[in-house]
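Peer 1: Dumping the structure here so I can ask a few things about it.
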Amino acid sequence: MLEIRNQKLTTLTVTKRDGSHEPFAFNHIQTSLKQVTEASDALDQVQTEIGQIISDRFDAVVATDEIAAVITEVLNEHAMAAIADRYQEHLERQRLAKSGATDINHTIDRLLNRDESVVNENANKDSKVFNTQRDLTAGTVAKAIGLKMLPPRVANAHLNGDIHWHDLDYQPYSPMTNCCLIDFKEMLTNGFKIGNAEVETPHSIQTATAQMSQIIANVASSQYGGCSADRVDQLLAPFAEKNYQKHLADAQQWVDGADKQAAYAKQKTQKDIYDAMQGLEYEINTLYSSQGQTPFTTLGFGLGTSWIEREIQKAILTVRIKGLGREHRTAIFPKLVFAIKRGLNLTPADPNYDIKQLAVDCATKRMYPDVLMYDKLVELTGSFKTPMGCRSFLQGWHDEAGNEVNAGRMNLGVVTMNLPRLALESKGDKGAFWDLLEDRLQLCKEALVFKVNRVKDANPENAPILYEYGAFGKRLNSEDSVDDLFKNGRATVSLGYIGLYEVGTVFFGPDWETNPKAKQFTVDIVKDLYQHCKDWESEYGYHFSVYATPAESLTDTFCKADLKKFGAVKDVTDKEYYTNSFHYDVRKTPTPFEKIEFEKDYPPYSAGGFIHYCEYPNLKQNPKALEAVWDFAYDKIGYLGTNTPIDQCFECGFKGEFKPTARGFECPQCGNHDPATCDVVKRTCGYLGNPNQRPMVHGRHTEIASRKKHMTLGNDQNDIARQ
């Protein structure tokens, strides 16, 4: 009988992963097994059984993956689990070796041919300039080498689109960290060193902001994610106080009367504060990090109460409202994040309410600031702090002495799951979905643990600004372990996810957001991720957080991979983009209040990174409408952004919303799309971007073009404020 079955094997055709076909060759199986174990009678028995099963199960055609599954099955049945594991690793290495992603010549060719997925992957990088081209070249090489460094199963899952290892052009090739909250207070107080310069404590707010810009440039060049300054108004106030005291001393020499002296000193200090904050805005927007991009920078402010802290808050907002240059263009960086706090600035009775009104006015004209709701953020994350970068939040943490610490902490990296793929693979079977999710989570665990272990390979001297001169809060010696700054929950490492809308659509149809059972199913998914992160933290001692991934290019990458694998699935892959994190379908038109109510249930299980936003029409004449949404959101969500049309055409004078086209965004009045004579600003993900100056990938462009407004303004523009 075996001889007959073996004769049958000779008639089988094997379908390879690239779609090609070849005759079945049993010696390929024998060769593969010889790669992972020594010859033995037991192995002969296993090989005989493998041949029998393949001849029984398959008639004319068998896929490569099906053969591999039979081999693994038989090895496990014969108590050869260790050999089965080595066999799987062998397959993963083979797949990786065949991938063009590890061929440096192939990857460089893609760059030279300006493959969109390479040159437009990061909308903050201008791929036309030399320093960015140099970084992209280095990045393509680092990706190819980095893939070989990763565990084979992780590398192949990344290439296949099952997961995404973020910023592969920097890590694991280099043991870099991701994003951070810079400890500016420590550095400005105690001094620091950059290059050959020993920098002392500043004696004015102008010098302090100049030093901040230099710190930002160097930190951004030593990591691969965004960097943030927390409580900037309170941070810079002591240095502005030095300005005040100098001016007061001058006034006392030349002006009679204490009141006049104080008024003179205050007026001069106000001018110094404005100039300093304007200088910081210009300096950040003219910086280039070693990655060939403007540093992703966020400034958090709004909690200060002294007159100097209030002046700094007002200066940040008025500088942003004025805009950059003679055309008063919208500044893309730094991202501004304004804190709203009950009893401080929430209601007209609060002492800083006037600054909140200025923040609202600024948001209607420049989209920033985004707003943090103090009480809700403390509830969600355990402490109040500005996000690292655009949305990554640290959890509340105390040092050995019991002091709450936020500044000087960091994120070690992100690995994101392709949730829509799991839904499509499960074919509507929820049980199968949960089984697939569990398997994928174990893969993510392996990837994240590898991330943690890789960043621990750094030495303090690899990034002196981070480890030796205070940006990360503690000053290490060259022989110290960088792990001292990561372990015991001080740092975070993040499990990301994308496409909850598409998951719900697979199981419940495209309008599932109003179905309570469907909503609970998607919440349960995020809750499951959260529980796994808690378990991993207990196991390893590092803080694993759940992160609602911004998915700037990933919204395109994952969907493109699944479109190829599953075809055009209506309302899932046929849109040519996947929906950001837990957000409501961008093609629908809930009110801002409905959208906030829908999305508020996800961040409690996704506190490692999140943001909400609402799409509005032009609000410049109706700031009260925006304030009404902010007030409604205060007790419901922790972090809210504003999307409103602020595009400008300098050819015809149009101000409003540009029209999306295949070549970018164009003025609806005169058709202008030249970035030299128009200013187009869109929310790319957590950050704003200028897509006409720095184009984005196709999927993100399509997603932005698909966004619908979450409210409309009729004759009575105060309707929204009364809802």
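So you can find residues: chains in the structure tokens are A, B, ... in the order shown, residues in each start at 1, and ligands are numbered from 1 in order.
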Write down as a PyMOL selection string the residues of stretch 359-465 of chain A whose backbone DSSP state falls under strand (DSSP E or B).
Peer 2: chain A and resi 370-373+388+392+398+404+410-418
Peer 1: Do you have, as CSV, the list of residues of stretch 346-371 of chain A lying at most 10 Å from stretch 329-334 of chain A, each with its nearest atom pair and that distance in Å to one decimal, counting only C-alpha atoms and ordered by chain then number?
Peer 2:
residue,atom,partner,partner_atom,distance
A:Lys365,CA,A:Thr330,CA,8.7
A:Arg366,CA,A:Thr330,CA,6.1
A:Met367,CA,A:Thr330,CA,9.0
A:Tyr368,CA,A:Ile332,CA,9.2
A:Pro369,CA,A:Pro334,CA,9.9
Peer 1: Within 6 Å of A:Phe24, counting only C-alpha atoms, which residues qualify if same-chain residues fewer than 2 places away don't, as an NGL selection string?
Peer 2: :A and (12-14)
Peer 1: Could you pull out all residues of stretch 172-333 of chain A with a DSSP call of alpha helix (DSSP H) and give them as an MDAnalysis selection string?
Peer 2: chainID A and resid 184:190 205:222 232:254 258:286 307:322
Peer 1: Restricted to C-alpha atoms, what would the selected residues look like written as a PDB file, in the first residue's frame?
Peer 2:
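Saved as again-v3.pdb:
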ATOM      1  CA  PHE A 184      14.219  69.946  30.719  1.00  0.00           C
ATOM      2  CA  LYS A 185      14.074  71.095  34.323  1.00  0.00           C
ATOM      3  CA  GLU A 186      16.997  68.863  35.307  1.00  0.00           C
ATOM      4  CA  MET A 187      19.061  69.915  32.294  1.00  0.00           C
ATOM      5  CA  LEU A 188      18.375  73.649  32.491  1.00  0.00           C
ATOM      6  CA  THR A 189      18.967  73.675  36.232  1.00  0.00           C
ATOM      7  CA  ASN A 190      22.174  71.653  36.323  1.00  0.00           C
ATOM      8  CA  ILE A 205      13.995  83.074  29.253  1.00  0.00           C
ATOM      9  CA  GLN A 206      15.466  83.788  25.814  1.00  0.00           C
ATOM     10  CA  THR A 207      18.549  81.718  26.594  1.00  0.00           C
ATOM     11  CA  ALA A 208      16.397  78.994  28.162  1.00  0.00           C
ATOM     12  CA  THR A 209      14.285  78.572  25.016  1.00  0.00           C
ATOM     13  CA  ALA A 210      17.408  78.637  22.819  1.00  0.00           C
ATOM     14  CA  GLN A 211      18.861  75.832  24.924  1.00  0.00           C
ATOM     15  CA  MET A 212      15.576  73.922  24.682  1.00  0.00           C
ATOM     16  CA  SER A 213      15.767  73.954  20.886  1.00  0.00           C
ATOM     17  CA  GLN A 214      19.316  72.578  20.972  1.00  0.00           C
ATOM     18  CA  ILE A 215      18.284  69.866  23.417  1.00  0.00           C
ATOM     19  CA  ILE A 216      15.315  68.939  21.189  1.00  0.00           C
ATOM     20  CA  ALA A 217      17.523  68.637  18.098  1.00  0.00           C
ATOM     21  CA  ASN A 218      20.004  66.398  19.895  1.00  0.00           C
ATOM     22  CA  VAL A 219      17.408  64.227  21.605  1.00  0.00           C
ATOM     23  CA  ALA A 220      15.547  63.776  18.316  1.00  0.00           C
ATOM     24  CA  SER A 221      18.788  62.628  16.695  1.00  0.00           C
ATOM     25  CA  SER A 222      19.425  60.068  19.458  1.00  0.00           C
ATOM     26  CA  VAL A 232       6.390  74.524  29.657  1.00  0.00           C
ATOM     27  CA  ASP A 233       4.793  77.554  31.307  1.00  0.00           C
ATOM     28  CA  GLN A 234       5.874  76.362  34.761  1.00  0.00           C
ATOM     29  CA  LEU A 235       9.249  75.148  33.456  1.00  0.00           C
ATOM     30  CA  LEU A 236      10.230  78.512  31.948  1.00  0.00           C
ATOM     31  CA  ALA A 237       8.751  80.787  34.620  1.00  0.00           C
ATOM     32  CA  PRO A 238      11.890  80.846  36.851  1.00  0.00           C
ATOM     33  CA  PHE A 239      13.989  82.028  33.903  1.00  0.00           C
ATOM     34  CA  ALA A 240      11.467  84.739  33.004  1.00  0.00           C
ATOM     35  CA  GLU A 241      11.591  85.781  36.651  1.00  0.00           C
ATOM     36  CA  LYS A 242      15.317  86.472  36.132  1.00  0.00           C
ATOM     37  CA  ASN A 243      14.370  88.809  33.274  1.00  0.00           C
ATOM     38  CA  TYR A 244      11.894  90.551  35.547  1.00  0.00           C
ATOM     39  CA  GLN A 245      14.438  91.045  38.308  1.00  0.00           C
ATOM     40  CA  LYS A 246      16.977  92.513  35.852  1.00  0.00           C
ATOM     41  CA  HIS A 247      14.396  94.933  34.473  1.00  0.00           C
ATOM     42  CA  LEU A 248      13.256  95.848  37.960  1.00  0.00           C
ATOM     43  CA  ALA A 249      16.840  96.624  38.974  1.00  0.00           C
ATOM     44  CA  ASP A 250      17.179  98.881  35.913  1.00  0.00           C
ATOM     45  CA  ALA A 251      13.882 100.606  36.715  1.00  0.00           C
ATOM     46  CA  GLN A 252      14.909 101.227  40.292  1.00  0.00           C
ATOM     47  CA  GLN A 253      17.954 103.052  38.968  1.00  0.00           C
ATOM     48  CA  TRP A 254      16.095 105.285  36.519  1.00  0.00           C
ATOM     49  CA  ALA A 258       7.685 101.381  43.186  1.00  0.00           C
ATOM     50  CA  ASP A 259       4.496 100.992  41.165  1.00  0.00           C
ATOM     51  CA  LYS A 260       6.041 102.506  38.032  1.00  0.00           C
ATOM     52  CA  GLN A 261       9.170 100.440  38.513  1.00  0.00           C
ATOM     53  CA  ALA A 262       7.132  97.221  38.762  1.00  0.00           C
ATOM     54  CA  ALA A 263       4.988  98.184  35.761  1.00  0.00           C
ATOM     55  CA  TYR A 264       8.089  98.914  33.671  1.00  0.00           C
ATOM     56  CA  ALA A 265       9.709  95.601  34.638  1.00  0.00           C
ATOM     57  CA  LYS A 266       6.510  93.681  33.910  1.00  0.00           C
ATOM     58  CA  GLN A 267       6.058  95.302  30.482  1.00  0.00           C
ATOM     59  CA  LYS A 268       9.644  94.554  29.488  1.00  0.00           C
ATOM     60  CA  THR A 269       9.342  90.953  30.757  1.00  0.00           C
ATOM     61  CA  GLN A 270       6.140  90.436  28.786  1.00  0.00           C
ATOM     62  CA  LYS A 271       8.001  91.471  25.622  1.00  0.00           C
ATOM     63  CA  ASP A 272      10.883  89.123  26.508  1.00  0.00           C
ATOM     64  CA  ILE A 273       8.460  86.243  27.017  1.00  0.00           C
ATOM     65  CA  TYR A 274       6.753  86.837  23.679  1.00  0.00           C
ATOM     66  CA  ASP A 275      10.086  87.098  21.848  1.00  0.00           C
ATOM     67  CA  ALA A 276      11.366  83.940  23.529  1.00  0.00           C
ATOM     68  CA  MET A 277       8.309  81.887  22.626  1.00  0.00           C
ATOM     69  CA  GLN A 278       8.322  83.222  19.067  1.00  0.00           C
ATOM     70  CA  GLY A 279      12.014  82.373  18.819  1.00  0.00           C
ATOM     71  CA  LEU A 280      11.351  78.829  20.069  1.00  0.00           C
ATOM     72  CA  GLU A 281       8.617  78.349  17.459  1.00  0.00           C
ATOM     73  CA  TYR A 282      10.893  79.465  14.639  1.00  0.00           C
ATOM     74  CA  GLU A 283      13.870  77.493  15.921  1.00  0.00           C
ATOM     75  CA  ILE A 284      11.925  74.235  16.134  1.00  0.00           C
ATOM     76  CA  ASN A 285      10.485  74.694  12.634  1.00  0.00           C
ATOM     77  CA  THR A 286      13.923  75.348  11.172  1.00  0.00           C
ATOM     78  CA  TRP A 307       1.371  86.203  36.154  1.00  0.00           C
ATOM     79  CA  ILE A 308       4.554  85.034  34.437  1.00  0.00           C
ATOM     80  CA  GLU A 309       3.142  81.533  33.796  1.00  0.00           C
ATOM     81  CA  ARG A 310      -0.017  83.117  32.400  1.00  0.00           C
ATOM     82  CA  GLU A 311       2.054  85.353  30.131  1.00  0.00           C
ATOM     83  CA  ILE A 312       3.960  82.343  28.798  1.00  0.00           C
ATOM     84  CA  GLN A 313       0.681  80.558  28.042  1.00  0.00           C
ATOM     85  CA  LYS A 314      -0.691  83.600  26.233  1.00  0.00           C
ATOM     86  CA  ALA A 315       2.535  84.095  24.284  1.00  0.00           C
ATOM     87  CA  ILE A 316       2.537  80.473  23.062  1.00  0.00           C
ATOM     88  CA  LEU A 317      -1.010  80.910  21.741  1.00  0.00           C
ATOM     89  CA  THR A 318      -0.649  84.394  20.243  1.00  0.00           C
ATOM     90  CA  VAL A 319       2.572  83.410  18.481  1.00  0.00           C
ATOM     91  CA  ARG A 320       0.784  80.417  16.961  1.00  0.00           C
ATOM     92  CA  ILE A 321      -2.211  82.502  15.905  1.00  0.00           C
ATOM     93  CA  LYS A 322       0.077  85.000  14.151  1.00  0.00           C
TER      94      LYS A 322
END
